[in-house]
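J.: Contents of upload24.pdb (PDB, C-alpha atoms, pLDDT in the B column):
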ATOM      1  CA  MET A 185      -7.042  14.260  23.907  1.00 44.00           C
ATOM      2  CA  MET A 186      -4.756  11.364  22.954  1.00 47.00           C
ATOM      3  CA  LYS A 187      -2.394  13.301  20.688  1.00 53.00           C
ATOM      4  CA  GLY A 188      -0.531  10.233  19.397  1.00 54.00           C
ATOM      5  CA  LYS A 189      -3.744   8.519  18.382  1.00 56.00           C
ATOM      6  CA  ASP A 190      -5.122  11.717  16.839  1.00 83.00           C
ATOM      7  CA  ARG A 191      -1.935  12.138  14.794  1.00 83.00           C
ATOM      8  CA  VAL A 192      -2.404   8.657  13.318  1.00 82.00           C
ATOM      9  CA  VAL A 193      -5.901   9.652  12.179  1.00 86.00           C
ATOM     10  CA  PHE A 194      -4.648  12.896  10.620  1.00 85.00           C
ATOM     11  CA  ASN A 195      -1.768  11.067   8.918  1.00 82.00           C
ATOM     12  CA  ALA A 196      -4.183   8.587   7.354  1.00 80.00           C
ATOM     13  CA  ILE A 197      -6.405  11.387   6.027  1.00 85.00           C
ATOM     14  CA  ILE A 198      -3.450  13.385   4.700  1.00 82.00           C
ATOM     15  CA  SER A 199      -1.959  10.340   2.988  1.00 76.00           C
ATOM     16  CA  ARG A 200      -5.233   9.401   1.306  1.00 76.00           C
ATOM     17  CA  LEU A 201      -5.926  12.907   0.052  1.00 80.00           C
ATOM     18  CA  ALA A 202      -2.381  13.351  -1.258  1.00 75.00           C
ATOM     19  CA  MET A 203      -2.328   9.974  -2.999  1.00 68.00           C
ATOM     20  CA  ASN A 204      -5.586  10.829  -4.750  1.00 71.00           C
ATOM     21  CA  GLY A 205      -4.282  14.194  -5.950  1.00 69.00           C
ATOM     22  CA  HIS A 206      -6.451  16.425  -3.727  1.00 76.00           C
ATOM     23  CA  VAL A 207      -3.685  18.956  -3.129  1.00 71.00           C
ATOM     24  CA  ARG A 208      -5.691  21.827  -1.648  1.00 76.00           C
ATOM     25  CA  ALA A 209      -7.618  19.541   0.694  1.00 83.00           C
ATOM     26  CA  THR A 210      -4.375  17.837   1.750  1.00 79.00           C
ATOM     27  CA  PHE A 211      -2.793  21.079   2.888  1.00 77.00           C
ATOM     28  CA  GLY A 212      -6.073  22.141   4.463  1.00 82.00           C
ATOM     29  CA  VAL A 213      -6.058  19.085   6.723  1.00 85.00           C
ATOM     30  CA  PHE A 214      -2.362  19.607   7.458  1.00 82.00           C
ATOM     31  CA  GLY A 215      -3.180  23.126   8.640  1.00 80.00           C
ATOM     32  CA  GLN A 216      -5.617  21.692  11.175  1.00 85.00           C
ATOM     33  CA  LEU A 217      -2.765  20.004  13.079  1.00 82.00           C
ATOM     34  CA  GLU A 218      -1.685  23.299  14.628  1.00 79.00           C
ATOM     35  CA  LYS A 219      -5.263  24.127  15.570  1.00 82.00           C
ATOM     36  CA  TYR A 220      -5.540  20.899  17.562  1.00 85.00           C
ATOM     37  CA  GLU A 221      -1.974  21.205  18.909  1.00 84.00           C
ATOM     38  CA  ILE A 222      -0.870  17.965  17.258  1.00 85.00           C
ATOM     39  CA  GLN A 223       2.814  17.623  16.389  1.00 80.00           C
ATOM     40  CA  PRO A 224       3.406  16.149  12.890  1.00 79.00           C
ATOM     41  CA  ASP A 225       5.850  13.271  12.527  1.00 76.00           C
ATOM     42  CA  GLY A 226       7.790  11.673   9.678  1.00 67.00           C
ATOM     43  CA  ASN A 227       4.753   9.868   8.282  1.00 71.00           C
ATOM     44  CA  THR A 228       2.857  13.165   8.173  1.00 77.00           C
ATOM     45  CA  PHE A 229       5.468  14.850   5.990  1.00 72.00           C
ATOM     46  CA  VAL A 230       6.078  11.835   3.766  1.00 67.00           C
ATOM     47  CA  GLY A 231       2.361  11.507   3.083  1.00 70.00           C
ATOM     48  CA  LEU A 232       1.942  15.237   2.560  1.00 68.00           C
ATOM     49  CA  LEU A 233       4.955  16.084   0.442  1.00 63.00           C
ATOM     50  CA  CYS A 234       6.024  12.934  -1.364  1.00 56.00           C
ATOM     51  CA  GLY A 235       2.525  11.938  -2.385  1.00 58.00           C
ATOM     52  CA  THR A 236       1.526  15.424  -3.478  1.00 57.00           C
ATOM     53  CA  LEU A 237       4.745  16.393  -5.268  1.00 56.00           C
ATOM     54  CA  VAL A 238       4.957  13.207  -7.302  1.00 56.00           C
ATOM     55  CA  LYS A 239       1.253  13.018  -8.062  1.00 55.00           C
ATOM     56  CA  VAL A 240       1.109  16.588  -9.312  1.00 52.00           C
ATOM     57  CA  SER A 241       4.455  17.402 -10.870  1.00 53.00           C
ATOM     58  CA  HIS A 242       6.932  14.498 -10.562  1.00 58.00           C
ATOM     59  CA  ARG A 243       9.392  16.806  -8.797  1.00 60.00           C
ATOM     60  CA  TRP A 244      11.764  14.028  -7.782  1.00 57.00           C
ATOM     61  CA  ASP A 245      14.475  16.438  -6.625  1.00 63.00           C
ATOM     62  CA  GLU A 246      12.091  17.925  -4.078  1.00 59.00           C
ATOM     63  CA  VAL A 247      10.991  14.488  -2.924  1.00 60.00           C
ATOM     64  CA  GLU A 248      14.606  13.510  -2.295  1.00 63.00           C
ATOM     65  CA  LYS A 249      15.167  16.704  -0.292  1.00 62.00           C
ATOM     66  CA  VAL A 250      12.173  15.812   1.852  1.00 60.00           C
ATOM     67  CA  ARG A 251      13.527  12.325   2.486  1.00 61.00           C
ATOM     68  CA  LEU A 252      16.965  13.651   3.432  1.00 67.00           C
ATOM     69  CA  THR A 253      15.455  16.213   5.793  1.00 61.00           C
ATOM     70  CA  LEU A 254      13.320  13.576   7.483  1.00 60.00           C
ATOM     71  CA  ASN A 255      16.303  11.247   7.868  1.00 65.00           C
ATOM     72  CA  GLU A 256      18.365  14.032   9.429  1.00 67.00           C
ATOM     73  CA  LYS A 257      15.590  14.608  11.946  1.00 59.00           C
ATOM     74  CA  GLY A 258      15.346  10.898  12.682  1.00 64.00           C
ATOM     75  CA  MET A 259      11.865  10.647  11.179  1.00 60.00           C
ATOM     76  CA  GLN A 260      11.275   7.839   8.716  1.00 61.00           C
ATOM     77  CA  LYS A 261       8.247   6.310   7.046  1.00 62.00           C
ATOM     78  CA  LEU A 262       7.477   2.787   8.196  1.00 67.00           C
ATOM     79  CA  PRO A 263       8.276   0.120   5.589  1.00 75.00           C
ATOM     80  CA  GLY A 264       5.232  -1.688   4.244  1.00 81.00           C
ATOM     81  CA  CYS A 265       4.562  -4.965   6.020  1.00 92.00           C
ATOM     82  CA  SER A 266       1.696  -7.441   5.621  1.00 95.00           C
ATOM     83  CA  TRP A 267       0.573 -10.349   7.784  1.00 96.00           C
ATOM     84  CA  VAL A 268      -1.611 -13.289   6.857  1.00 95.00           C
ATOM     85  CA  GLU A 269      -2.729 -16.269   8.933  1.00 92.00           C
ATOM     86  CA  VAL A 270      -2.746 -19.731   7.373  1.00 91.00           C
ATOM     87  CA  ASP A 271      -3.557 -22.855   9.404  1.00 89.00           C
ATOM     88  CA  GLY A 272      -3.226 -20.958  12.667  1.00 89.00           C
ATOM     89  CA  VAL A 273       0.233 -19.572  11.871  1.00 93.00           C
ATOM     90  CA  VAL A 274       0.842 -15.861  11.181  1.00 94.00           C
ATOM     91  CA  HIS A 275       3.212 -15.164   8.279  1.00 95.00           C
ATOM     92  CA  GLU A 276       4.904 -11.792   7.740  1.00 95.00           C
ATOM     93  CA  PHE A 277       5.962 -10.281   4.418  1.00 94.00           C
ATOM     94  CA  LEU A 278       7.946  -7.153   3.550  1.00 92.00           C
ATOM     95  CA  VAL A 279       8.152  -5.489   0.159  1.00 86.00           C
ATOM     96  CA  GLY A 280      10.511  -7.453  -2.083  1.00 87.00           C
ATOM     97  CA  ASP A 281      10.881 -10.104   0.613  1.00 86.00           C
ATOM     98  CA  THR A 282      13.050 -13.054  -0.458  1.00 89.00           C
ATOM     99  CA  SER A 283      13.864 -14.390   3.007  1.00 87.00           C
ATOM    100  CA  TYR A 284      10.815 -16.617   3.242  1.00 83.00           C
ATOM    101  CA  PRO A 285      11.474 -20.371   2.778  1.00 85.00           C
ATOM    102  CA  MET A 286       8.882 -20.526  -0.027  1.00 90.00           C
ATOM    103  CA  SER A 287      10.156 -17.403  -1.805  1.00 93.00           C
ATOM    104  CA  ALA A 288      10.971 -19.133  -5.097  1.00 94.00           C
ATOM    105  CA  LYS A 289       7.514 -20.701  -5.271  1.00 95.00           C
ATOM    106  CA  ILE A 290       5.823 -17.448  -4.215  1.00 95.00           C
ATOM    107  CA  TYR A 291       7.538 -15.389  -6.919  1.00 94.00           C
ATOM    108  CA  GLU A 292       6.874 -18.043  -9.546  1.00 95.00           C
ATOM    109  CA  LYS A 293       3.179 -17.979  -8.646  1.00 95.00           C
ATOM    110  CA  LEU A 294       3.216 -14.166  -8.526  1.00 94.00           C
ATOM    111  CA  GLU A 295       4.635 -13.912 -12.044  1.00 93.00           C
ATOM    112  CA  SER A 296       2.015 -16.339 -13.334  1.00 95.00           C
ATOM    113  CA  LEU A 297      -0.784 -14.489 -11.537  1.00 94.00           C
ATOM    114  CA  LEU A 298       0.278 -11.050 -12.815  1.00 92.00           C
ATOM    115  CA  LYS A 299       0.308 -12.443 -16.352  1.00 92.00           C
ATOM    116  CA  GLU A 300      -3.228 -13.725 -15.845  1.00 94.00           C
ATOM    117  CA  LEU A 301      -4.332 -10.349 -14.470  1.00 93.00           C
ATOM    118  CA  ARG A 302      -2.888  -8.511 -17.474  1.00 91.00           C
ATOM    119  CA  GLU A 303      -4.949 -10.714 -19.760  1.00 93.00           C
ATOM    120  CA  VAL A 304      -8.122  -9.350 -18.148  1.00 92.00           C
ATOM    121  CA  GLY A 305      -7.075  -5.705 -18.291  1.00 89.00           C
ATOM    122  CA  TYR A 306      -4.808  -5.076 -15.297  1.00 89.00           C
ATOM    123  CA  SER A 307      -1.628  -3.037 -15.684  1.00 83.00           C
ATOM    124  CA  LEU A 308       0.861  -1.918 -13.046  1.00 77.00           C
ATOM    125  CA  THR A 309       0.323   1.724 -12.071  1.00 71.00           C
ATOM    126  CA  ILE A 310       3.884   2.975 -11.671  1.00 59.00           C
ATOM    127  CA  GLU A 311       2.833   6.420 -10.406  1.00 62.00           C
ATOM    128  CA  PHE A 312       2.461   4.773  -7.001  1.00 59.00           C
ATOM    129  CA  VAL A 313       6.233   4.271  -6.786  1.00 59.00           C
ATOM    130  CA  PHE A 314       7.689   7.360  -5.123  1.00 57.00           C
ATOM    131  CA  PHE A 315      11.264   6.807  -6.265  1.00 57.00           C
ATOM    132  CA  ASP A 316      13.019   8.237  -9.307  1.00 56.00           C
ATOM    133  CA  ILE A 317      14.050   4.924 -10.849  1.00 55.00           C
ATOM    134  CA  GLU A 318      13.699   3.252 -14.241  1.00 66.00           C
ATOM    135  CA  GLU A 319      10.243   2.130 -15.327  1.00 66.00           C
ATOM    136  CA  LYS A 320      11.205  -1.562 -15.236  1.00 68.00           C
ATOM    137  CA  GLU A 321      12.432  -1.151 -11.666  1.00 69.00           C
ATOM    138  CA  LYS A 322       9.168   0.538 -10.725  1.00 64.00           C
ATOM    139  CA  GLU A 323       7.209  -2.349 -12.195  1.00 67.00           C
ATOM    140  CA  TYR A 324       9.289  -4.846 -10.232  1.00 72.00           C
ATOM    141  CA  PHE A 325       8.920  -2.817  -7.030  1.00 69.00           C
ATOM    142  CA  LEU A 326       5.136  -2.648  -7.415  1.00 72.00           C
ATOM    143  CA  GLY A 327       4.874  -6.304  -8.308  1.00 77.00           C
ATOM    144  CA  CYS A 328       6.440  -7.443  -5.055  1.00 88.00           C
ATOM    145  CA  HIS A 329       4.604  -5.199  -2.596  1.00 89.00           C
ATOM    146  CA  SER A 330       4.084  -7.008   0.695  1.00 92.00           C
ATOM    147  CA  GLN A 331       0.335  -7.323   0.173  1.00 92.00           C
ATOM    148  CA  LYS A 332       0.723  -9.058  -3.164  1.00 93.00           C
ATOM    149  CA  LEU A 333       3.223 -11.492  -1.645  1.00 95.00           C
ATOM    150  CA  ALA A 334       0.835 -12.233   1.223  1.00 95.00           C
ATOM    151  CA  VAL A 335      -2.048 -12.829  -1.183  1.00 96.00           C
ATOM    152  CA  VAL A 336       0.018 -15.151  -3.377  1.00 96.00           C
ATOM    153  CA  PHE A 337       1.252 -17.098  -0.343  1.00 96.00           C
ATOM    154  CA  SER A 338      -2.354 -17.551   0.760  1.00 95.00           C
ATOM    155  CA  LEU A 339      -3.445 -18.704  -2.693  1.00 96.00           C
ATOM    156  CA  ILE A 340      -0.710 -21.349  -2.667  1.00 95.00           C
ATOM    157  CA  ASN A 341      -1.751 -22.627   0.748  1.00 94.00           C
ATOM    158  CA  THR A 342      -5.548 -22.345   0.608  1.00 89.00           C
ATOM    159  CA  GLY A 343      -8.282 -23.564  -1.676  1.00 84.00           C
ATOM    160  CA  THR A 344     -10.598 -21.885  -4.153  1.00 80.00           C
ATOM    161  CA  ASN A 345     -13.422 -19.962  -2.459  1.00 81.00           C
ATOM    162  CA  ASP A 346     -11.500 -19.760   0.828  1.00 90.00           C
ATOM    163  CA  ILE A 347     -11.495 -16.362   2.533  1.00 94.00           C
ATOM    164  CA  ILE A 348      -8.092 -14.668   2.695  1.00 95.00           C
ATOM    165  CA  ARG A 349      -7.513 -12.166   5.513  1.00 95.00           C
ATOM    166  CA  ILE A 350      -4.568  -9.772   5.404  1.00 96.00           C
ATOM    167  CA  VAL A 351      -3.430  -7.029   7.776  1.00 96.00           C
ATOM    168  CA  LYS A 352      -1.129  -4.235   6.608  1.00 91.00           C
ATOM    169  CA  ASN A 353       0.632  -1.644   8.768  1.00 87.00           C
ATOM    170  CA  ILE A 354       0.258   1.267   6.325  1.00 80.00           C
ATOM    171  CA  CYS A 355      -2.261   2.391   3.714  1.00 78.00           C
ATOM    172  CA  VAL A 356      -3.062   0.187   0.746  1.00 82.00           C
ATOM    173  CA  CYS A 357      -1.604   1.674  -2.424  1.00 80.00           C
ATOM    174  CA  GLY A 358      -3.852   2.166  -5.433  1.00 80.00           C
ATOM    175  CA  ASP A 359      -2.069  -0.455  -7.503  1.00 84.00           C
ATOM    176  CA  CYS A 360      -2.431  -3.168  -4.840  1.00 87.00           C
ATOM    177  CA  HIS A 361      -6.073  -2.195  -4.444  1.00 89.00           C
ATOM    178  CA  GLU A 362      -6.732  -2.732  -8.150  1.00 90.00           C
ATOM    179  CA  ALA A 363      -4.682  -5.934  -8.324  1.00 92.00           C
ATOM    180  CA  ILE A 364      -6.373  -7.570  -5.328  1.00 94.00           C
ATOM    181  CA  LYS A 365      -9.786  -6.594  -6.643  1.00 94.00           C
ATOM    182  CA  ILE A 366      -9.103  -8.421  -9.914  1.00 95.00           C
ATOM    183  CA  ILE A 367      -7.477 -11.360  -8.105  1.00 95.00           C
ATOM    184  CA  SER A 368     -10.724 -11.870  -6.190  1.00 95.00           C
ATOM    185  CA  LYS A 369     -12.462 -12.215  -9.549  1.00 93.00           C
ATOM    186  CA  VAL A 370     -10.078 -14.596 -11.301  1.00 93.00           C
ATOM    187  CA  THR A 371      -9.489 -16.862  -8.289  1.00 93.00           C
ATOM    188  CA  TRP A 372     -12.989 -16.706  -6.723  1.00 91.00           C
ATOM    189  CA  ASN A 373     -11.426 -16.002  -3.333  1.00 93.00           C
ATOM    190  CA  GLU A 374     -12.904 -13.392  -1.039  1.00 95.00           C
ATOM    191  CA  ILE A 375     -10.034 -11.220   0.198  1.00 96.00           C
ATOM    192  CA  ILE A 376     -10.374  -9.058   3.305  1.00 95.00           C
ATOM    193  CA  VAL A 377      -7.688  -6.447   3.917  1.00 95.00           C
ATOM    194  CA  ARG A 378      -7.204  -4.331   7.020  1.00 91.00           C
ATOM    195  CA  ASP A 379      -4.776  -1.441   6.662  1.00 86.00           C
ATOM    196  CA  ASN A 380      -4.111   1.408   9.092  1.00 76.00           C
ATOM    197  CA  ASN A 381      -7.234   3.201   7.963  1.00 73.00           C
ATOM    198  CA  ARG A 382     -10.074   0.798   7.156  1.00 81.00           C
ATOM    199  CA  PHE A 383     -11.284  -2.682   6.229  1.00 88.00           C
ATOM    200  CA  TYR A 384     -11.692  -3.665   2.582  1.00 91.00           C
ATOM    201  CA  CYS A 385     -13.611  -6.653   1.317  1.00 94.00           C
ATOM    202  CA  PHE A 386     -12.831  -7.748  -2.232  1.00 95.00           C
ATOM    203  CA  ARG A 387     -15.300 -10.180  -3.749  1.00 93.00           C
ATOM    204  CA  GLU A 388     -15.824 -11.241  -7.384  1.00 92.00           C
ATOM    205  CA  GLY A 389     -13.931  -8.223  -8.706  1.00 92.00           C
ATOM    206  CA  SER A 390     -15.645  -5.625  -6.528  1.00 91.00           C
ATOM    207  CA  CYS A 391     -14.479  -3.550  -3.563  1.00 91.00           C
ATOM    208  CA  SER A 392     -16.706  -2.961  -0.554  1.00 86.00           C
ATOM    209  CA  TYR A 393     -15.664   0.714  -0.596  1.00 75.00           C
ATOM    210  CA  GLY A 394     -16.663   1.228  -4.201  1.00 72.00           C
ATOM    211  CA  ASP A 395     -13.052   1.586  -5.391  1.00 64.00           C
ATOM    212  CA  TYR A 396     -12.306   4.370  -2.913  1.00 57.00           C
ATOM    213  CA  TRP A 397      -8.958   3.615  -1.339  1.00 51.00           C
TER     214      TRP A 397
END
For this file, write the structure as structure tokens.

T.:
Amino acid sequence: MMKGKDRVVFNAIISRLAMNGHVRATFGVFGQLEKYEIQPDGNTFVGLLCGTLVKVSHRWDEVEKVRLTLNEKGMQKLPGCSWVEVDGVVHEFLVGDTSYPMSAKIYEKLESLLKELREVGYSLTIEFVFFDIEEKEKEYFLGCHSQKLAVVFSLINTGTNDIIRIVKNICVCGDCHEAIKIISKVTWNEIIVRDNNRFYCFREGSCSYGDYW
């Protein structure tokens, strides 16, 4: 068996279950790692512990202990990164990225777009920020996730009804899922997202996976 590849699959399952609050199932899948002789890595523990602890009890002190332990062992969760191709050129975005030449225009458009989304019922879901920071900081952090920046960049550089294709290196968070779904409705753009687990197709306010993320 290809243990590295199998670990990626288990990590994706563990992360999804934890993020959706399925605590017992999360630990059940984690227990299967030993059965298949698969060594967990930093992403395994971050998905298992951080997602579950915050989702269930907001035990920020325990989350911080987990992060410190992982850092000491040299295991760290990959930072979120999204790529989008426009006119044959691939553009890369990180969370909170301000290094891009069009950053000012991107953030101006992002602020305008988020305001438009709120008018049709969207609100930032701060429970998807796994840091013990002020609520305003959580809202800012969520607002500039790499996927949102990639979508906004594409909207600036493409036309209405154009298909937007984005690739992300880690799982889509629930807030980005909801935001992109609504964006596809208000802008009439079909948005296809590929994360490390599956493809999503957002069209006219609907998700091809029936809102399962």

J.: Using only C-alpha atoms for the distances, tell me which of A:Ser338, A:Ser307, A:Asn227, A:Ser266 is nearest to Ile290 in chain A.

T.: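 The closest residue to Ile290 in chain A is A:Ser338.
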
J.: Using only C-alpha atoms, which residue out of A:Thr342, A:Asn204, A:Asn353, A:Gln216 lies closest to Val377 in chain A?

T.: A:Asn353

J.: Using the chain letters and numbers from the file, which residues does the PyMOL selection byres ((chain A and resi 387) around 9) grab, as a PyMOL selection string?

T.: chain A and resi 365-366+368-369+372-376+385-386+388-392

J.: Name the residues captured by the PyMOL selection byres ((chain A and resi 277) around 12) when it is applied to the shown file; answer as an MDAnalysis selection string.

T.: chainID A and resid 263:269 274:276 278:287 290 328:338 350:353

J.: Quick check on the file I pasted: which residues fall under the PyMOL selection byres ((chain A and resi 194) around 8)? Write them as a ChimeraX atom specification.

T.: /A:190-193,195-198,213-214,217,228

J.: Could the residues in this selection be written to a file with C-alpha atoms, as a PDB file, keeping the file's coordinate frame?

T.:
ATOM      1  CA  ASP A 190      -5.122  11.717  16.839  1.00 83.00           C
ATOM      2  CA  ARG A 191      -1.935  12.138  14.794  1.00 83.00           C
ATOM      3  CA  VAL A 192      -2.404   8.657  13.318  1.00 82.00           C
ATOM      4  CA  VAL A 193      -5.901   9.652  12.179  1.00 86.00           C
ATOM      5  CA  ASN A 195      -1.768  11.067   8.918  1.00 82.00           C
ATOM      6  CA  ALA A 196      -4.183   8.587   7.354  1.00 80.00           C
ATOM      7  CA  ILE A 197      -6.405  11.387   6.027  1.00 85.00           C
ATOM      8  CA  ILE A 198      -3.450  13.385   4.700  1.00 82.00           C
ATOM      9  CA  VAL A 213      -6.058  19.085   6.723  1.00 85.00           C
ATOM     10  CA  PHE A 214      -2.362  19.607   7.458  1.00 82.00           C
ATOM     11  CA  LEU A 217      -2.765  20.004  13.079  1.00 82.00           C
ATOM     12  CA  THR A 228       2.857  13.165   8.173  1.00 77.00           C
TER      13      THR A 228
END

J.: At what distance in Å, to one decimal, does CA of Asn380 in chain A lie from CA of Ile354 in chain A?

T.: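 Taking CA of Ile354 in chain A as the start and CA of Asn380 in chain A as the end point, the length is 5.2 Å.
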
J.: Given 4 Å of margin on each side, can you work out the centre and size in Å (one decimal) of an axis-aligned box holding every listed atom of range 353-359 of chain A, as lines of an AutoDock Vina configuration file?

T.:
center_x = -1.6
center_y = 0.4
center_z = 0.6
size_x = 12.5
size_y = 12.0
size_z = 24.3

J.: Would you compute the distance between CA of Asn345 in chain A and CA of Lys289 in chain A? Give it in Å to one decimal.

T.: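 For CA of Asn345 in chain A relative to CA of Lys289 in chain A, the distance reads 21.1 Å.
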